[in-house]
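Coordinates as given in protein_34.cif (mmCIF, N, CA and C atoms):
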data_my_file
#
loop_
_atom_site.label_atom_id
_atom_site.label_comp_id
_atom_site.auth_asym_id
_atom_site.auth_seq_id
_atom_site.Cartn_x
_atom_site.Cartn_y
_atom_site.Cartn_z
N MET W 1 12.01 -32.91 -24.03
CA MET W 1 12.67 -32.00 -23.10
C MET W 1 11.62 -31.43 -22.16
N SER W 2 11.86 -31.55 -20.86
CA SER W 2 10.89 -31.05 -19.88
C SER W 2 10.96 -29.52 -19.80
N ALA W 3 9.91 -28.93 -19.23
CA ALA W 3 9.83 -27.48 -19.13
C ALA W 3 10.94 -26.91 -18.26
N ASN W 4 11.42 -27.70 -17.30
CA ASN W 4 12.46 -27.22 -16.39
C ASN W 4 13.87 -27.55 -16.83
N GLU W 5 14.02 -28.30 -17.92
CA GLU W 5 15.34 -28.67 -18.38
C GLU W 5 16.11 -27.41 -18.79
N GLY W 6 17.33 -27.30 -18.33
CA GLY W 6 18.14 -26.14 -18.62
C GLY W 6 17.92 -24.99 -17.65
N LYS W 7 16.97 -25.14 -16.77
CA LYS W 7 16.68 -24.12 -15.76
C LYS W 7 17.52 -24.42 -14.53
N SER W 8 18.28 -23.45 -14.06
CA SER W 8 19.15 -23.70 -12.92
C SER W 8 18.59 -23.18 -11.60
N ILE W 9 17.60 -22.29 -11.68
CA ILE W 9 17.04 -21.68 -10.47
C ILE W 9 15.52 -21.77 -10.50
N ILE W 10 14.95 -22.14 -9.37
CA ILE W 10 13.49 -22.19 -9.23
C ILE W 10 13.06 -21.02 -8.36
N VAL W 11 12.17 -20.20 -8.90
CA VAL W 11 11.60 -19.09 -8.14
C VAL W 11 10.20 -19.51 -7.72
N THR W 12 9.95 -19.45 -6.42
CA THR W 12 8.65 -19.82 -5.89
C THR W 12 8.01 -18.59 -5.25
N LYS W 13 6.84 -18.24 -5.76
CA LYS W 13 6.07 -17.15 -5.15
C LYS W 13 5.18 -17.75 -4.08
N VAL W 14 5.36 -17.27 -2.84
CA VAL W 14 4.51 -17.68 -1.73
C VAL W 14 3.52 -16.53 -1.52
N PHE W 15 2.23 -16.87 -1.57
CA PHE W 15 1.20 -15.83 -1.54
C PHE W 15 -0.01 -16.29 -0.75
N ASP W 16 -0.96 -15.36 -0.58
CA ASP W 16 -2.24 -15.67 0.04
C ASP W 16 -3.33 -15.05 -0.82
N ASP W 17 -4.45 -15.74 -0.96
CA ASP W 17 -5.56 -15.24 -1.78
C ASP W 17 -6.12 -13.92 -1.26
N ASP W 18 -6.02 -13.68 0.04
CA ASP W 18 -6.58 -12.46 0.64
C ASP W 18 -5.60 -11.29 0.64
N CYS W 19 -4.46 -11.46 0.04
CA CYS W 19 -3.39 -10.45 0.05
C CYS W 19 -3.53 -9.53 -1.17
N ASP W 20 -3.89 -8.26 -0.92
CA ASP W 20 -4.02 -7.30 -2.01
C ASP W 20 -2.71 -7.10 -2.75
N LEU W 21 -1.61 -7.04 -2.02
CA LEU W 21 -0.31 -6.85 -2.63
C LEU W 21 0.06 -8.04 -3.52
N CYS W 22 -0.30 -9.24 -3.08
CA CYS W 22 -0.04 -10.44 -3.89
C CYS W 22 -0.78 -10.35 -5.23
N ARG W 23 -2.03 -9.93 -5.17
CA ARG W 23 -2.81 -9.77 -6.42
C ARG W 23 -2.21 -8.70 -7.30
N HIS W 24 -1.79 -7.59 -6.70
CA HIS W 24 -1.16 -6.51 -7.46
C HIS W 24 0.10 -7.00 -8.17
N MET W 25 0.94 -7.74 -7.44
CA MET W 25 2.20 -8.23 -8.02
C MET W 25 1.94 -9.24 -9.14
N SER W 26 0.82 -9.92 -9.09
CA SER W 26 0.49 -10.91 -10.13
C SER W 26 0.35 -10.29 -11.52
N LYS W 27 0.16 -9.00 -11.56
CA LYS W 27 0.03 -8.32 -12.86
C LYS W 27 1.32 -8.35 -13.65
N HIS W 28 2.47 -8.48 -12.96
CA HIS W 28 3.73 -8.45 -13.71
C HIS W 28 4.80 -9.42 -13.23
N ASP W 29 4.56 -10.17 -12.16
CA ASP W 29 5.64 -11.02 -11.65
C ASP W 29 5.96 -12.21 -12.55
N ARG W 30 4.94 -12.98 -12.92
CA ARG W 30 5.19 -14.19 -13.72
C ARG W 30 5.91 -13.86 -15.03
N VAL W 31 5.42 -12.87 -15.74
CA VAL W 31 6.03 -12.52 -17.03
C VAL W 31 7.46 -12.02 -16.84
N THR W 32 7.71 -11.34 -15.73
CA THR W 32 9.08 -10.86 -15.45
C THR W 32 10.02 -12.04 -15.24
N PHE W 33 9.63 -12.98 -14.39
CA PHE W 33 10.49 -14.13 -14.11
C PHE W 33 10.64 -15.03 -15.33
N GLU W 34 9.57 -15.23 -16.07
CA GLU W 34 9.64 -16.11 -17.23
C GLU W 34 10.45 -15.51 -18.37
N GLY W 35 10.82 -14.24 -18.25
CA GLY W 35 11.67 -13.60 -19.24
C GLY W 35 13.14 -13.99 -19.12
N PHE W 36 13.47 -14.77 -18.10
CA PHE W 36 14.86 -15.21 -17.89
C PHE W 36 14.93 -16.71 -18.11
N ASP W 37 15.75 -17.14 -19.07
CA ASP W 37 15.86 -18.55 -19.44
C ASP W 37 16.33 -19.44 -18.29
N GLU W 38 17.10 -18.87 -17.36
CA GLU W 38 17.67 -19.67 -16.27
C GLU W 38 16.65 -19.99 -15.18
N LEU W 39 15.51 -19.33 -15.21
CA LEU W 39 14.55 -19.46 -14.12
C LEU W 39 13.34 -20.31 -14.48
N SER W 40 12.92 -21.08 -13.50
CA SER W 40 11.64 -21.78 -13.55
C SER W 40 10.78 -21.13 -12.49
N TYR W 41 9.51 -20.83 -12.80
CA TYR W 41 8.64 -20.08 -11.89
C TYR W 41 7.46 -20.94 -11.46
N GLN W 42 7.14 -20.87 -10.18
CA GLN W 42 5.97 -21.58 -9.65
C GLN W 42 5.37 -20.75 -8.53
N GLU W 43 4.14 -21.05 -8.19
CA GLU W 43 3.44 -20.34 -7.12
C GLU W 43 2.86 -21.35 -6.14
N VAL W 44 2.85 -20.97 -4.86
CA VAL W 44 2.28 -21.83 -3.83
C VAL W 44 1.65 -20.94 -2.75
N LYS W 45 0.50 -21.37 -2.26
CA LYS W 45 -0.17 -20.62 -1.20
C LYS W 45 0.55 -20.82 0.12
N LEU W 46 0.59 -19.76 0.92
CA LEU W 46 1.24 -19.83 2.23
C LEU W 46 0.63 -20.95 3.08
N ASP W 47 -0.69 -21.09 3.06
CA ASP W 47 -1.34 -22.15 3.84
C ASP W 47 -0.86 -23.54 3.43
N ASP W 48 -0.60 -23.74 2.13
CA ASP W 48 -0.12 -25.04 1.65
C ASP W 48 1.31 -25.31 2.13
N VAL W 49 2.09 -24.25 2.30
CA VAL W 49 3.46 -24.40 2.79
C VAL W 49 3.43 -24.71 4.30
N ILE W 50 2.60 -23.98 5.02
CA ILE W 50 2.49 -24.20 6.47
C ILE W 50 2.00 -25.61 6.75
N ASN W 51 0.99 -26.07 6.01
CA ASN W 51 0.43 -27.42 6.15
C ASN W 51 1.04 -28.33 5.10
N HIS W 52 2.35 -28.47 5.13
CA HIS W 52 3.10 -29.16 4.07
C HIS W 52 2.92 -30.66 4.05
N ASN W 53 2.40 -31.27 5.13
CA ASN W 53 2.19 -32.73 5.18
C ASN W 53 3.41 -33.53 4.76
N ASN W 54 4.58 -33.03 5.15
CA ASN W 54 5.85 -33.67 4.84
C ASN W 54 6.16 -33.78 3.36
N ASN W 55 5.49 -32.97 2.53
CA ASN W 55 5.88 -32.83 1.13
C ASN W 55 7.25 -32.16 1.15
N LEU W 56 8.27 -32.81 0.61
CA LEU W 56 9.64 -32.32 0.77
C LEU W 56 9.86 -30.94 0.15
N THR W 57 9.23 -30.66 -0.98
CA THR W 57 9.38 -29.36 -1.61
C THR W 57 8.76 -28.26 -0.74
N LYS W 58 7.54 -28.50 -0.27
CA LYS W 58 6.87 -27.51 0.57
C LYS W 58 7.56 -27.36 1.92
N LEU W 59 8.09 -28.45 2.44
CA LEU W 59 8.83 -28.40 3.69
C LEU W 59 10.09 -27.54 3.52
N ARG W 60 10.79 -27.70 2.40
CA ARG W 60 12.00 -26.90 2.14
C ARG W 60 11.64 -25.42 2.03
N ILE W 61 10.54 -25.12 1.36
CA ILE W 61 10.08 -23.72 1.25
C ILE W 61 9.77 -23.18 2.64
N TYR W 62 9.07 -23.96 3.46
CA TYR W 62 8.74 -23.57 4.83
C TYR W 62 10.01 -23.25 5.62
N GLN W 63 11.00 -24.13 5.51
CA GLN W 63 12.25 -23.94 6.25
C GLN W 63 12.97 -22.66 5.80
N CYS W 64 12.96 -22.38 4.52
CA CYS W 64 13.60 -21.16 4.01
C CYS W 64 12.85 -19.92 4.49
N LEU W 65 11.53 -19.96 4.45
CA LEU W 65 10.74 -18.83 4.94
C LEU W 65 11.04 -18.58 6.41
N GLU W 66 11.07 -19.66 7.19
CA GLU W 66 11.30 -19.53 8.63
C GLU W 66 12.70 -18.97 8.92
N LYS W 67 13.67 -19.41 8.19
CA LYS W 67 15.06 -19.01 8.45
C LYS W 67 15.39 -17.61 7.91
N HIS W 68 14.84 -17.25 6.74
CA HIS W 68 15.29 -16.04 6.05
C HIS W 68 14.27 -14.92 5.93
N CYS W 69 12.99 -15.19 6.11
CA CYS W 69 11.96 -14.22 5.74
C CYS W 69 11.07 -13.72 6.87
N LEU W 70 11.17 -14.30 8.03
CA LEU W 70 10.29 -13.89 9.13
C LEU W 70 10.69 -12.54 9.70
N ASN W 71 9.69 -11.75 10.04
CA ASN W 71 9.92 -10.51 10.78
C ASN W 71 10.18 -10.86 12.24
N PRO W 72 10.71 -9.92 13.03
CA PRO W 72 10.97 -10.21 14.45
C PRO W 72 9.74 -10.68 15.23
N ASP W 73 8.53 -10.26 14.79
CA ASP W 73 7.31 -10.69 15.47
C ASP W 73 6.73 -11.98 14.89
N TYR W 74 7.50 -12.68 14.07
CA TYR W 74 7.14 -13.95 13.44
C TYR W 74 6.05 -13.80 12.37
N SER W 75 5.79 -12.58 11.92
CA SER W 75 4.90 -12.38 10.78
C SER W 75 5.76 -12.45 9.52
N ILE W 76 5.09 -12.45 8.38
CA ILE W 76 5.81 -12.51 7.12
C ILE W 76 5.15 -11.55 6.14
N ASP W 77 5.97 -10.82 5.40
CA ASP W 77 5.47 -9.89 4.40
C ASP W 77 5.30 -10.63 3.08
N LEU W 78 4.09 -10.63 2.57
CA LEU W 78 3.79 -11.32 1.32
C LEU W 78 3.66 -10.31 0.19
N PRO W 79 3.88 -10.74 -1.04
CA PRO W 79 4.37 -12.06 -1.42
C PRO W 79 5.86 -12.20 -1.14
N VAL W 80 6.30 -13.45 -1.07
CA VAL W 80 7.72 -13.76 -0.96
C VAL W 80 8.09 -14.52 -2.23
N TYR W 81 9.16 -14.09 -2.86
CA TYR W 81 9.72 -14.80 -4.01
C TYR W 81 11.01 -15.45 -3.54
N LEU W 82 10.99 -16.77 -3.40
CA LEU W 82 12.17 -17.52 -2.96
C LEU W 82 12.95 -17.99 -4.17
N PHE W 83 14.25 -17.78 -4.14
CA PHE W 83 15.14 -18.24 -5.19
C PHE W 83 15.91 -19.43 -4.64
N LEU W 84 15.67 -20.60 -5.23
CA LEU W 84 16.36 -21.82 -4.80
C LEU W 84 17.03 -22.47 -6.00
N ALA W 85 18.21 -23.02 -5.76
CA ALA W 85 18.87 -23.83 -6.78
C ALA W 85 18.06 -25.11 -6.94
N LYS W 86 18.23 -25.79 -8.05
CA LYS W 86 17.52 -27.07 -8.26
C LYS W 86 17.79 -28.05 -7.13
N THR W 87 18.95 -27.91 -6.49
CA THR W 87 19.32 -28.80 -5.38
C THR W 87 18.58 -28.46 -4.10
N GLY W 88 17.88 -27.33 -4.08
CA GLY W 88 17.16 -26.89 -2.89
C GLY W 88 17.93 -25.86 -2.09
N LYS W 89 19.15 -25.52 -2.52
CA LYS W 89 19.96 -24.54 -1.81
C LYS W 89 19.33 -23.15 -1.92
N TYR W 90 19.22 -22.47 -0.79
CA TYR W 90 18.68 -21.11 -0.74
C TYR W 90 19.66 -20.15 -1.40
N LEU W 91 19.15 -19.33 -2.33
CA LEU W 91 19.99 -18.36 -3.04
C LEU W 91 19.62 -16.91 -2.70
N GLY W 92 18.40 -16.70 -2.23
CA GLY W 92 17.96 -15.35 -1.89
C GLY W 92 16.45 -15.24 -1.97
N HIS W 93 15.95 -14.04 -1.65
CA HIS W 93 14.51 -13.83 -1.73
C HIS W 93 14.21 -12.34 -1.92
N GLN W 94 13.00 -12.09 -2.36
CA GLN W 94 12.44 -10.74 -2.50
C GLN W 94 11.08 -10.78 -1.82
N GLN W 95 10.80 -9.77 -1.00
CA GLN W 95 9.53 -9.75 -0.26
C GLN W 95 8.77 -8.47 -0.52
N GLY W 96 7.44 -8.60 -0.47
CA GLY W 96 6.58 -7.43 -0.53
C GLY W 96 6.50 -6.81 -1.91
N ALA W 97 6.14 -5.55 -1.93
CA ALA W 97 5.96 -4.82 -3.19
C ALA W 97 7.30 -4.62 -3.90
N ALA W 98 7.27 -4.74 -5.19
CA ALA W 98 8.46 -4.49 -6.00
C ALA W 98 8.01 -4.09 -7.40
N THR W 99 8.76 -3.19 -7.99
CA THR W 99 8.49 -2.82 -9.37
C THR W 99 9.11 -3.87 -10.28
N ILE W 100 8.78 -3.82 -11.54
CA ILE W 100 9.40 -4.72 -12.51
C ILE W 100 10.91 -4.54 -12.49
N VAL W 101 11.37 -3.29 -12.42
CA VAL W 101 12.80 -3.01 -12.38
C VAL W 101 13.45 -3.63 -11.14
N GLU W 102 12.79 -3.51 -10.00
CA GLU W 102 13.34 -4.09 -8.76
C GLU W 102 13.40 -5.62 -8.85
N LEU W 103 12.37 -6.23 -9.43
CA LEU W 103 12.40 -7.69 -9.61
C LEU W 103 13.53 -8.09 -10.55
N ARG W 104 13.67 -7.39 -11.66
CA ARG W 104 14.75 -7.70 -12.61
C ARG W 104 16.12 -7.52 -11.97
N ASP W 105 16.29 -6.46 -11.17
CA ASP W 105 17.57 -6.24 -10.49
C ASP W 105 17.88 -7.38 -9.52
N LYS W 106 16.86 -7.84 -8.79
CA LYS W 106 17.06 -8.95 -7.85
C LYS W 106 17.43 -10.22 -8.62
N ILE W 107 16.75 -10.47 -9.72
CA ILE W 107 17.06 -11.64 -10.54
C ILE W 107 18.51 -11.58 -11.02
N LYS W 108 18.91 -10.43 -11.55
CA LYS W 108 20.29 -10.28 -12.05
C LYS W 108 21.31 -10.47 -10.93
N GLU W 109 21.00 -9.94 -9.75
CA GLU W 109 21.89 -10.10 -8.59
C GLU W 109 22.05 -11.58 -8.24
N ILE W 110 20.94 -12.32 -8.21
CA ILE W 110 20.97 -13.76 -7.89
C ILE W 110 21.77 -14.51 -8.97
N LEU W 111 21.51 -14.19 -10.23
CA LEU W 111 22.20 -14.87 -11.33
C LEU W 111 23.71 -14.61 -11.30
N GLU W 112 24.09 -13.38 -10.98
CA GLU W 112 25.52 -13.04 -10.91
C GLU W 112 26.21 -13.75 -9.77
N ASP W 113 25.49 -13.99 -8.67
CA ASP W 113 26.07 -14.62 -7.49
C ASP W 113 26.01 -16.14 -7.53
N THR W 114 25.38 -16.70 -8.55
CA THR W 114 25.19 -18.15 -8.63
C THR W 114 26.14 -18.75 -9.66
N PRO W 115 27.06 -19.61 -9.22
CA PRO W 115 27.95 -20.26 -10.19
C PRO W 115 27.18 -21.23 -11.07
N GLU W 116 27.61 -21.36 -12.28
CA GLU W 116 26.94 -22.28 -13.23
C GLU W 116 27.08 -23.71 -12.80
#

Kindly transcribe the structure held in the file into structure tokens.
Amino acid sequence: MSANEGKSIIVTKVFDDDCDLCRHMSKHDRVTFEGFDELSYQEVKLDDVINHNNNLTKLRIYQCLEKHCLNPDYSIDLPVYLFLAKTGKYLGHQQGAATIVELRDKIKEILEDTPE
């Protein structure tokens, strides 16, 4: 059985090594997401998404960031946690600083809105 078997949602953290907030969130984000059986968690650097080299997964993440997460000035608040169905369908996102409670609430909201 693979690690992702039975997981219906993939959460991708988009971050940058120079981002203080990204490092701060690393203290509790992975353990929070991995506490939900329905979620698979992964991390990817923003530079790797921007320079996706036609990698379909990174390209899909790039497209979701561009469509749903950009500020009006085309900047982006990091970290971004993208919630995607295994099919690649966008389900939602959480950006910037968040407490464990806020992350859990967002996860529950996504799970409630996602049909099995």

Need to verify the contact set: Cys69 of chain W, 8 Å, all atoms listed in the file, exclusion of same-chain residues closer than 6 positions in sequence. Can you return it as number ranges by chain? W: 63, 75-77, 80, 93, 95

Near-segment 36-38 of chain W list (6 Å; all atoms listed in the file; drop same-chain fewer than 5 positions) as a PyMOL selection string: chain W and resi 6-9

Computed gap from atom N of Thr32 of chain W to atom N of Gly88 of chain W is 22.2 Å

Helix (DSSP H, G or I) positions in chain W, given as JSON, numbers by chain: {"W": [20, 21, 22, 23, 24, 25, 29, 30, 31, 32, 33, 34, 46, 47, 48, 49, 50, 56, 57, 58, 59, 60, 61, 62, 63, 64, 65, 66, 67, 68, 69, 100, 101, 102, 103, 104, 105, 106, 107, 108, 109, 110, 111, 112, 113]}

Keeping only N, CA and C atoms, take the residues you just selected and write them out as a CSV table (one decimal), in the coordinates of the input.
chain,number,residue,atom,x,y,z
W,20,ASP,N,-3.9,-8.3,-0.9
W,20,ASP,CA,-4.0,-7.3,-2.0
W,20,ASP,C,-2.7,-7.1,-2.8
W,21,LEU,N,-1.6,-7.0,-2.0
W,21,LEU,CA,-0.3,-6.8,-2.6
W,21,LEU,C,0.1,-8.0,-3.5
W,22,CYS,N,-0.3,-9.2,-3.1
W,22,CYS,CA,0.0,-10.4,-3.9
W,22,CYS,C,-0.8,-10.4,-5.2
W,23,ARG,N,-2.0,-9.9,-5.2
W,23,ARG,CA,-2.8,-9.8,-6.4
W,23,ARG,C,-2.2,-8.7,-7.3
W,24,HIS,N,-1.8,-7.6,-6.7
W,24,HIS,CA,-1.2,-6.5,-7.5
W,24,HIS,C,0.1,-7.0,-8.2
W,25,MET,N,0.9,-7.7,-7.4
W,25,MET,CA,2.2,-8.2,-8.0
W,25,MET,C,1.9,-9.2,-9.1
W,29,ASP,N,4.6,-10.2,-12.2
W,29,ASP,CA,5.6,-11.0,-11.6
W,29,ASP,C,6.0,-12.2,-12.6
W,30,ARG,N,4.9,-13.0,-12.9
W,30,ARG,CA,5.2,-14.2,-13.7
W,30,ARG,C,5.9,-13.9,-15.0
W,31,VAL,N,5.4,-12.9,-15.7
W,31,VAL,CA,6.0,-12.5,-17.0
W,31,VAL,C,7.5,-12.0,-16.8
W,32,THR,N,7.7,-11.3,-15.7
W,32,THR,CA,9.1,-10.9,-15.4
W,32,THR,C,10.0,-12.0,-15.2
W,33,PHE,N,9.6,-13.0,-14.4
W,33,PHE,CA,10.5,-14.1,-14.1
W,33,PHE,C,10.6,-15.0,-15.3
W,34,GLU,N,9.6,-15.2,-16.1
W,34,GLU,CA,9.6,-16.1,-17.2
W,34,GLU,C,10.4,-15.5,-18.4
W,46,LEU,N,0.6,-19.8,0.9
W,46,LEU,CA,1.2,-19.8,2.2
W,46,LEU,C,0.6,-21.0,3.1
W,47,ASP,N,-0.7,-21.1,3.1
W,47,ASP,CA,-1.3,-22.2,3.8
W,47,ASP,C,-0.9,-23.5,3.4
W,48,ASP,N,-0.6,-23.7,2.1
W,48,ASP,CA,-0.1,-25.0,1.6
W,48,ASP,C,1.3,-25.3,2.1
W,49,VAL,N,2.1,-24.2,2.3
W,49,VAL,CA,3.5,-24.4,2.8
W,49,VAL,C,3.4,-24.7,4.3
W,50,ILE,N,2.6,-24.0,5.0
W,50,ILE,CA,2.5,-24.2,6.5
W,50,ILE,C,2.0,-25.6,6.8
W,56,LEU,N,8.3,-32.8,0.6
W,56,LEU,CA,9.6,-32.3,0.8
W,56,LEU,C,9.9,-30.9,0.2
W,57,THR,N,9.2,-30.7,-1.0
W,57,THR,CA,9.4,-29.4,-1.6
W,57,THR,C,8.8,-28.3,-0.7
W,58,LYS,N,7.5,-28.5,-0.3
W,58,LYS,CA,6.9,-27.5,0.6
W,58,LYS,C,7.6,-27.4,1.9
W,59,LEU,N,8.1,-28.4,2.4
W,59,LEU,CA,8.8,-28.4,3.7
W,59,LEU,C,10.1,-27.5,3.5
W,60,ARG,N,10.8,-27.7,2.4
W,60,ARG,CA,12.0,-26.9,2.1
W,60,ARG,C,11.6,-25.4,2.0
W,61,ILE,N,10.5,-25.1,1.4
W,61,ILE,CA,10.1,-23.7,1.2
W,61,ILE,C,9.8,-23.2,2.6
W,62,TYR,N,9.1,-24.0,3.5
W,62,TYR,CA,8.7,-23.6,4.8
W,62,TYR,C,10.0,-23.2,5.6
W,63,GLN,N,11.0,-24.1,5.5
W,63,GLN,CA,12.2,-23.9,6.2
W,63,GLN,C,13.0,-22.7,5.8
W,64,CYS,N,13.0,-22.4,4.5
W,64,CYS,CA,13.6,-21.2,4.0
W,64,CYS,C,12.8,-19.9,4.5
W,65,LEU,N,11.5,-20.0,4.4
W,65,LEU,CA,10.7,-18.8,4.9
W,65,LEU,C,11.0,-18.6,6.4
W,66,GLU,N,11.1,-19.7,7.2
W,66,GLU,CA,11.3,-19.5,8.6
W,66,GLU,C,12.7,-19.0,8.9
W,67,LYS,N,13.7,-19.4,8.2
W,67,LYS,CA,15.1,-19.0,8.4
W,67,LYS,C,15.4,-17.6,7.9
W,68,HIS,N,14.8,-17.2,6.7
W,68,HIS,CA,15.3,-16.0,6.0
W,68,HIS,C,14.3,-14.9,5.9
W,69,CYS,N,13.0,-15.2,6.1
W,69,CYS,CA,12.0,-14.2,5.7
W,69,CYS,C,11.1,-13.7,6.9
W,100,ILE,N,8.8,-3.8,-11.5
W,100,ILE,CA,9.4,-4.7,-12.5
W,100,ILE,C,10.9,-4.5,-12.5
W,101,VAL,N,11.4,-3.3,-12.4
W,101,VAL,CA,12.8,-3.0,-12.4
W,101,VAL,C,13.4,-3.6,-11.1
W,102,GLU,N,12.8,-3.5,-10.0
W,102,GLU,CA,13.3,-4.1,-8.8
W,102,GLU,C,13.4,-5.6,-8.8
W,103,LEU,N,12.4,-6.2,-9.4
W,103,LEU,CA,12.4,-7.7,-9.6
W,103,LEU,C,13.5,-8.1,-10.6
W,104,ARG,N,13.7,-7.4,-11.7
W,104,ARG,CA,14.8,-7.7,-12.6
W,104,ARG,C,16.1,-7.5,-12.0
W,105,ASP,N,16.3,-6.5,-11.2
W,105,ASP,CA,17.6,-6.2,-10.5
W,105,ASP,C,17.9,-7.4,-9.5
W,106,LYS,N,16.9,-7.8,-8.8
W,106,LYS,CA,17.1,-9.0,-7.8
W,106,LYS,C,17.4,-10.2,-8.6
W,107,ILE,N,16.8,-10.5,-9.7
W,107,ILE,CA,17.1,-11.6,-10.5
W,107,ILE,C,18.5,-11.6,-11.0
W,108,LYS,N,18.9,-10.4,-11.6
W,108,LYS,CA,20.3,-10.3,-12.0
W,108,LYS,C,21.3,-10.5,-10.9
W,109,GLU,N,21.0,-9.9,-9.8
W,109,GLU,CA,21.9,-10.1,-8.6
W,109,GLU,C,22.0,-11.6,-8.2
W,110,ILE,N,20.9,-12.3,-8.2
W,110,ILE,CA,21.0,-13.8,-7.9
W,110,ILE,C,21.8,-14.5,-9.0
W,111,LEU,N,21.5,-14.2,-10.2
W,111,LEU,CA,22.2,-14.9,-11.3
W,111,LEU,C,23.7,-14.6,-11.3
W,112,GLU,N,24.1,-13.4,-11.0
W,112,GLU,CA,25.5,-13.0,-10.9
W,112,GLU,C,26.2,-13.8,-9.8
W,113,ASP,N,25.5,-14.0,-8.7
W,113,ASP,CA,26.1,-14.6,-7.5
W,113,ASP,C,26.0,-16.1,-7.5

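What the PyMOL selection byres (((chain W and resi 104 and name CA) around 12) and name CA) picks from this file is W:His28, W:Asp29, W:Arg30, W:Val31, W:Thr32, W:Phe33, W:Glu34, W:Gly35, W:Phe36, W:Leu39, W:Gln94, W:Ala98, W:Thr99, W:Ile100, W:Val101, W:Glu102, W:Leu103, W:Asp105, W:Lys106, W:Ile107, W:Lys108, W:Glu109, W:Ile110, W:Leu111.
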
Strand (DSSP E or B) per DSSP on the backbone: members of segment 27-113 of chain W, as a list in words: Leu39, Ser40, Tyr41, Gln42, Glu43, Val44, Lys45, Val80, Tyr81, Leu82, Phe83, Leu84, Ala85, Tyr90, Leu91, Gly92, His93, Gln94 and Gln95 of chain W

Those selected residues, please, written with N, CA and C atoms and delivered as a PDB file, in the coordinates of the input.
ATOM      1  N   LEU W  39      15.510 -19.330 -15.210  1.00  0.00           N
ATOM      2  CA  LEU W  39      14.550 -19.460 -14.120  1.00  0.00           C
ATOM      3  C   LEU W  39      13.340 -20.310 -14.480  1.00  0.00           C
ATOM      4  N   SER W  40      12.920 -21.080 -13.500  1.00  0.00           N
ATOM      5  CA  SER W  40      11.640 -21.780 -13.550  1.00  0.00           C
ATOM      6  C   SER W  40      10.780 -21.130 -12.490  1.00  0.00           C
ATOM      7  N   TYR W  41       9.510 -20.830 -12.800  1.00  0.00           N
ATOM      8  CA  TYR W  41       8.640 -20.080 -11.890  1.00  0.00           C
ATOM      9  C   TYR W  41       7.460 -20.940 -11.460  1.00  0.00           C
ATOM     10  N   GLN W  42       7.140 -20.870 -10.180  1.00  0.00           N
ATOM     11  CA  GLN W  42       5.970 -21.580  -9.650  1.00  0.00           C
ATOM     12  C   GLN W  42       5.370 -20.750  -8.530  1.00  0.00           C
ATOM     13  N   GLU W  43       4.140 -21.050  -8.190  1.00  0.00           N
ATOM     14  CA  GLU W  43       3.440 -20.340  -7.120  1.00  0.00           C
ATOM     15  C   GLU W  43       2.860 -21.350  -6.140  1.00  0.00           C
ATOM     16  N   VAL W  44       2.850 -20.970  -4.860  1.00  0.00           N
ATOM     17  CA  VAL W  44       2.280 -21.830  -3.830  1.00  0.00           C
ATOM     18  C   VAL W  44       1.650 -20.940  -2.750  1.00  0.00           C
ATOM     19  N   LYS W  45       0.500 -21.370  -2.260  1.00  0.00           N
ATOM     20  CA  LYS W  45      -0.170 -20.620  -1.200  1.00  0.00           C
ATOM     21  C   LYS W  45       0.550 -20.820   0.120  1.00  0.00           C
ATOM     22  N   VAL W  80       6.300 -13.450  -1.070  1.00  0.00           N
ATOM     23  CA  VAL W  80       7.720 -13.760  -0.960  1.00  0.00           C
ATOM     24  C   VAL W  80       8.090 -14.520  -2.230  1.00  0.00           C
ATOM     25  N   TYR W  81       9.160 -14.090  -2.860  1.00  0.00           N
ATOM     26  CA  TYR W  81       9.720 -14.800  -4.010  1.00  0.00           C
ATOM     27  C   TYR W  81      11.010 -15.450  -3.540  1.00  0.00           C
ATOM     28  N   LEU W  82      10.990 -16.770  -3.400  1.00  0.00           N
ATOM     29  CA  LEU W  82      12.170 -17.520  -2.960  1.00  0.00           C
ATOM     30  C   LEU W  82      12.950 -17.990  -4.170  1.00  0.00           C
ATOM     31  N   PHE W  83      14.250 -17.780  -4.140  1.00  0.00           N
ATOM     32  CA  PHE W  83      15.140 -18.240  -5.190  1.00  0.00           C
ATOM     33  C   PHE W  83      15.910 -19.430  -4.640  1.00  0.00           C
ATOM     34  N   LEU W  84      15.670 -20.600  -5.230  1.00  0.00           N
ATOM     35  CA  LEU W  84      16.360 -21.820  -4.800  1.00  0.00           C
ATOM     36  C   LEU W  84      17.030 -22.470  -6.000  1.00  0.00           C
ATOM     37  N   ALA W  85      18.210 -23.020  -5.760  1.00  0.00           N
ATOM     38  CA  ALA W  85      18.870 -23.830  -6.780  1.00  0.00           C
ATOM     39  C   ALA W  85      18.060 -25.110  -6.940  1.00  0.00           C
ATOM     40  N   TYR W  90      19.220 -22.470  -0.790  1.00  0.00           N
ATOM     41  CA  TYR W  90      18.680 -21.110  -0.740  1.00  0.00           C
ATOM     42  C   TYR W  90      19.660 -20.150  -1.400  1.00  0.00           C
ATOM     43  N   LEU W  91      19.150 -19.330  -2.330  1.00  0.00           N
ATOM     44  CA  LEU W  91      19.990 -18.360  -3.040  1.00  0.00           C
ATOM     45  C   LEU W  91      19.620 -16.910  -2.700  1.00  0.00           C
ATOM     46  N   GLY W  92      18.400 -16.700  -2.230  1.00  0.00           N
ATOM     47  CA  GLY W  92      17.960 -15.350  -1.890  1.00  0.00           C
ATOM     48  C   GLY W  92      16.450 -15.240  -1.970  1.00  0.00           C
ATOM     49  N   HIS W  93      15.950 -14.040  -1.650  1.00  0.00           N
ATOM     50  CA  HIS W  93      14.510 -13.830  -1.730  1.00  0.00           C
ATOM     51  C   HIS W  93      14.210 -12.340  -1.920  1.00  0.00           C
ATOM     52  N   GLN W  94      13.000 -12.090  -2.360  1.00  0.00           N
ATOM     53  CA  GLN W  94      12.440 -10.740  -2.500  1.00  0.00           C
ATOM     54  C   GLN W  94      11.080 -10.780  -1.820  1.00  0.00           C
ATOM     55  N   GLN W  95      10.800  -9.770  -1.000  1.00  0.00           N
ATOM     56  CA  GLN W  95       9.530  -9.750  -0.260  1.00  0.00           C
ATOM     57  C   GLN W  95       8.770  -8.470  -0.520  1.00  0.00           C
TER      58      GLN W  95
END
